[in-house]
Every structure is written in C-alpha cells, then in structure tokens.
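Reproduced below: target_18.cif, with mmCIF, C-alpha atoms.
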data_input
#
loop_
_atom_site.label_atom_id
_atom_site.label_comp_id
_atom_site.auth_asym_id
_atom_site.auth_seq_id
_atom_site.Cartn_x
_atom_site.Cartn_y
_atom_site.Cartn_z
CA MET A 6 -46.48 38.62 15.95
CA LEU A 7 -47.93 37.39 12.67
CA LEU A 8 -45.78 35.29 10.38
CA ARG A 9 -46.26 35.74 6.68
CA MET A 10 -46.50 32.43 4.88
CA ASP A 11 -43.97 32.23 2.10
CA LYS A 12 -45.57 31.33 -1.24
CA ASP A 13 -43.47 28.14 -1.32
CA ASP A 14 -44.26 27.01 2.24
CA TRP A 15 -46.99 24.73 0.93
CA LEU A 16 -44.40 22.85 -1.15
CA ARG A 17 -42.06 22.27 1.79
CA THR A 18 -45.04 21.12 3.85
CA ALA A 19 -46.36 18.84 1.10
CA PHE A 20 -42.92 17.31 0.54
CA GLY A 21 -42.46 16.76 4.27
CA THR A 22 -45.85 15.08 4.61
CA LEU A 23 -45.16 12.84 1.62
CA LEU A 24 -41.68 11.95 2.90
CA LYS A 25 -43.08 10.94 6.28
CA GLU A 26 -45.85 8.87 4.66
CA LEU A 27 -43.36 7.03 2.43
CA ARG A 28 -40.99 6.42 5.34
CA GLU A 29 -43.75 5.09 7.61
CA GLU A 30 -45.20 2.89 4.83
CA ARG A 31 -41.80 1.20 4.67
CA GLY A 32 -41.58 0.83 8.43
CA LEU A 33 -38.47 3.00 8.73
CA SER A 34 -37.58 5.34 11.55
CA GLN A 35 -36.10 8.74 10.78
CA SER A 36 -32.76 7.39 11.96
CA GLN A 37 -32.96 4.40 9.62
CA LEU A 38 -33.89 6.61 6.67
CA ALA A 39 -31.06 8.99 7.52
CA LEU A 40 -28.57 6.13 7.66
CA GLU A 41 -29.78 4.62 4.37
CA SER A 42 -29.70 7.99 2.59
CA GLU A 43 -26.46 9.15 4.25
CA LEU A 44 -28.15 12.20 5.77
CA ASP A 45 -28.31 13.45 9.32
CA GLN A 46 -31.41 12.39 11.27
CA THR A 47 -32.01 15.99 12.29
CA PHE A 48 -32.13 17.00 8.63
CA VAL A 49 -34.68 14.27 7.87
CA SER A 50 -36.78 15.60 10.74
CA LEU A 51 -36.51 19.16 9.41
CA LEU A 52 -37.56 17.98 5.95
CA GLU A 53 -40.57 16.13 7.33
CA ARG A 54 -41.66 19.19 9.31
CA GLY A 55 -41.35 21.45 6.27
CA ARG A 56 -38.51 23.45 7.80
CA ARG A 57 -36.04 22.63 5.03
CA GLN A 58 -36.26 21.72 1.37
CA PRO A 59 -34.15 19.09 -0.37
CA THR A 60 -31.65 19.59 -3.15
CA LEU A 61 -31.90 17.27 -6.14
CA ILE A 62 -29.03 15.21 -4.73
CA THR A 63 -30.89 14.85 -1.43
CA LEU A 64 -34.15 13.99 -3.21
CA PHE A 65 -32.44 11.21 -5.15
CA ALA A 66 -30.70 9.88 -2.00
CA LEU A 67 -34.00 9.77 -0.14
CA CYS A 68 -35.78 8.12 -3.06
CA ASP A 69 -33.05 5.48 -3.34
CA ALA A 70 -33.35 4.73 0.37
CA LEU A 71 -37.16 4.57 0.12
CA LYS A 72 -37.00 2.52 -3.09
CA VAL A 73 -39.24 4.95 -4.95
CA GLU A 74 -38.61 6.74 -8.23
CA PRO A 75 -37.94 10.50 -7.90
CA GLU A 76 -40.41 11.22 -10.70
CA SER A 77 -43.13 9.51 -8.66
CA VAL A 78 -42.47 11.89 -5.77
CA VAL A 79 -42.46 14.91 -8.07
CA ARG A 80 -45.66 13.70 -9.77
CA GLN A 81 -47.40 13.48 -6.40
CA LEU A 82 -46.26 17.01 -5.52
CA VAL A 83 -47.52 18.31 -8.87
CA GLY A 84 -50.88 16.71 -8.07
CA ALA A 85 -50.90 18.46 -4.69
CA ARG A 86 -50.12 21.75 -6.42
CA LYS A 87 -53.00 21.31 -8.89
CA SER A 88 -55.50 20.52 -6.14
CA ARG A 89 -54.22 23.48 -4.12
CA LYS A 90 -54.72 25.84 -7.08
CA ARG A 91 -58.30 24.60 -7.53
CA LYS A 92 -59.08 25.55 -3.94
CA VAL A 93 -57.79 29.10 -4.34
#

Serialized structure, structure tokens:
Amino acid sequence: MLLRMDKDDWLRTAFGTLLKELREERGLSQSQLALESELDQTFVSLLERGRRQPTLITLFALCDALKVEPESVVRQLVGARKSRKRKV
C-alpha cells in the first residue's frame, strides 16, 4: 500500500527535526522538555517524529522551555521551505 505524502508533511518533519536538534543541543531529554513545557512526553515524541504539529500555544511553551525565541524557530523553518522549493 502506497501512502500519499501530504503537502505539509515536510513542515511537520522539518519542525520535528529542528525541535530534536534544539533539545539535544541543550542536553535535555524528551521527558525534561515535556516537564519544562508542561506537555506530555509522548506528545513531544510525536512532534519530533513529525506525527503531530504544534499549536501556537505549544510552540511558545516549547520555545520558553528551550530558551529560544519563537521567531527564530519560524525563521529556520522558512529557510527550510525556501531551500526545499529550490530543489523542486
């Protein structure tokens, strides 16, 4: 069975990859990040694997816990989008 890739899958994947990189750079486990951001560890895992996407409230909670500005995260995702469009 073939799965059709949703046009927004790349964004969930890019966000998840970036979230994991930021978390690991700060030496945090998923459990620690979940605790600091008042989220469930399973949800953090789903975000990192691109299975879920964050709301704005969740994005801000994660950014607060990671001590990074939300606009920095969005800027990095915009950069990923631009480089993705160049490849297509």

- Message: Could you check the closest approach to Gly32 in chain A for each of A:Asp14, A:Leu82, A:Ser77, A:Leu71 and tell me which residue wins, using only C-alpha atoms?
- Response: A:Leu71

- Query: Which protein, DNA or RNA residues have an atom at most 8 Å from (-40.6, 19.2, 4.8), counting all atoms listed in the file? List them as an MDAnalysis selection string.
  - Reply: chainID A and resid 16:22 24 50:58

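If you look at CA of Gln46 in chain A and CA of Val73 in chain A, they are 19.5 Å away from each other.
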
- Message: Running the PyMOL selection byres ((chain A and resi 70) around 12) on this model by hand, what would come out? Give it as JSON, numbers by chain.
- Response: {"A": [24, 27, 28, 31, 33, 34, 35, 36, 37, 38, 39, 40, 41, 42, 43, 44, 63, 64, 65, 66, 67, 68, 69, 71, 72, 73, 74, 75]}

- Task: Record the distance separating CA of Val78 in chain A and CA of Glu26 in chain A, expressed in Å with one decimal.
- Result: 11.4 Å

- Query: What is the CA of Arg86 in chain A-CA of Trp15 in chain A distance in Å, reported with one decimal?
  - Reply: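 Taking CA of Arg86 in chain A and CA of Trp15 in chain A, their separation equals 8.5 Å.
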
What does range 80-93 of chain A look like written to a file with N, CA and C atoms, as a short mmCIF file (atom, residue, chain, number, x, y, z; two decimals), in the first residue's frame?
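Contents of the output file result10.cif:
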data_model
loop_
_atom_site.label_atom_id
_atom_site.label_comp_id
_atom_site.auth_asym_id
_atom_site.auth_seq_id
_atom_site.Cartn_x
_atom_site.Cartn_y
_atom_site.Cartn_z
N ARG A 80 11.78 31.33 11.57
CA ARG A 80 12.75 31.78 10.56
C ARG A 80 13.52 30.58 9.99
N GLN A 81 13.91 29.66 10.85
CA GLN A 81 14.63 28.47 10.39
C GLN A 81 13.74 27.59 9.51
N LEU A 82 12.46 27.50 9.85
CA LEU A 82 11.53 26.72 9.04
C LEU A 82 11.27 27.39 7.69
N VAL A 83 11.22 28.71 7.68
CA VAL A 83 11.07 29.44 6.41
C VAL A 83 12.28 29.17 5.52
N GLY A 84 13.47 29.16 6.13
CA GLY A 84 14.68 28.85 5.37
C GLY A 84 14.63 27.45 4.79
N ALA A 85 14.12 26.50 5.56
CA ALA A 85 13.99 25.12 5.07
C ALA A 85 13.00 25.07 3.91
N ARG A 86 11.95 25.85 4.01
CA ARG A 86 10.94 25.89 2.94
C ARG A 86 11.54 26.45 1.65
N LYS A 87 12.32 27.53 1.78
CA LYS A 87 12.95 28.13 0.59
C LYS A 87 13.91 27.16 -0.08
N SER A 88 14.71 26.47 0.72
CA SER A 88 15.67 25.52 0.12
C SER A 88 14.93 24.33 -0.48
N ARG A 89 13.82 23.95 0.10
CA ARG A 89 13.02 22.86 -0.45
C ARG A 89 12.43 23.26 -1.80
N LYS A 90 11.94 24.48 -1.90
CA LYS A 90 11.35 24.96 -3.16
C LYS A 90 12.40 25.03 -4.27
N ARG A 91 13.65 25.37 -3.93
CA ARG A 91 14.70 25.44 -4.92
C ARG A 91 15.01 24.08 -5.52
N LYS A 92 14.82 23.04 -4.71
CA LYS A 92 15.12 21.67 -5.16
C LYS A 92 14.05 21.13 -6.09
N VAL A 93 12.84 21.67 -5.96
CA VAL A 93 11.72 21.15 -6.76
C VAL A 93 11.74 21.69 -8.17
#
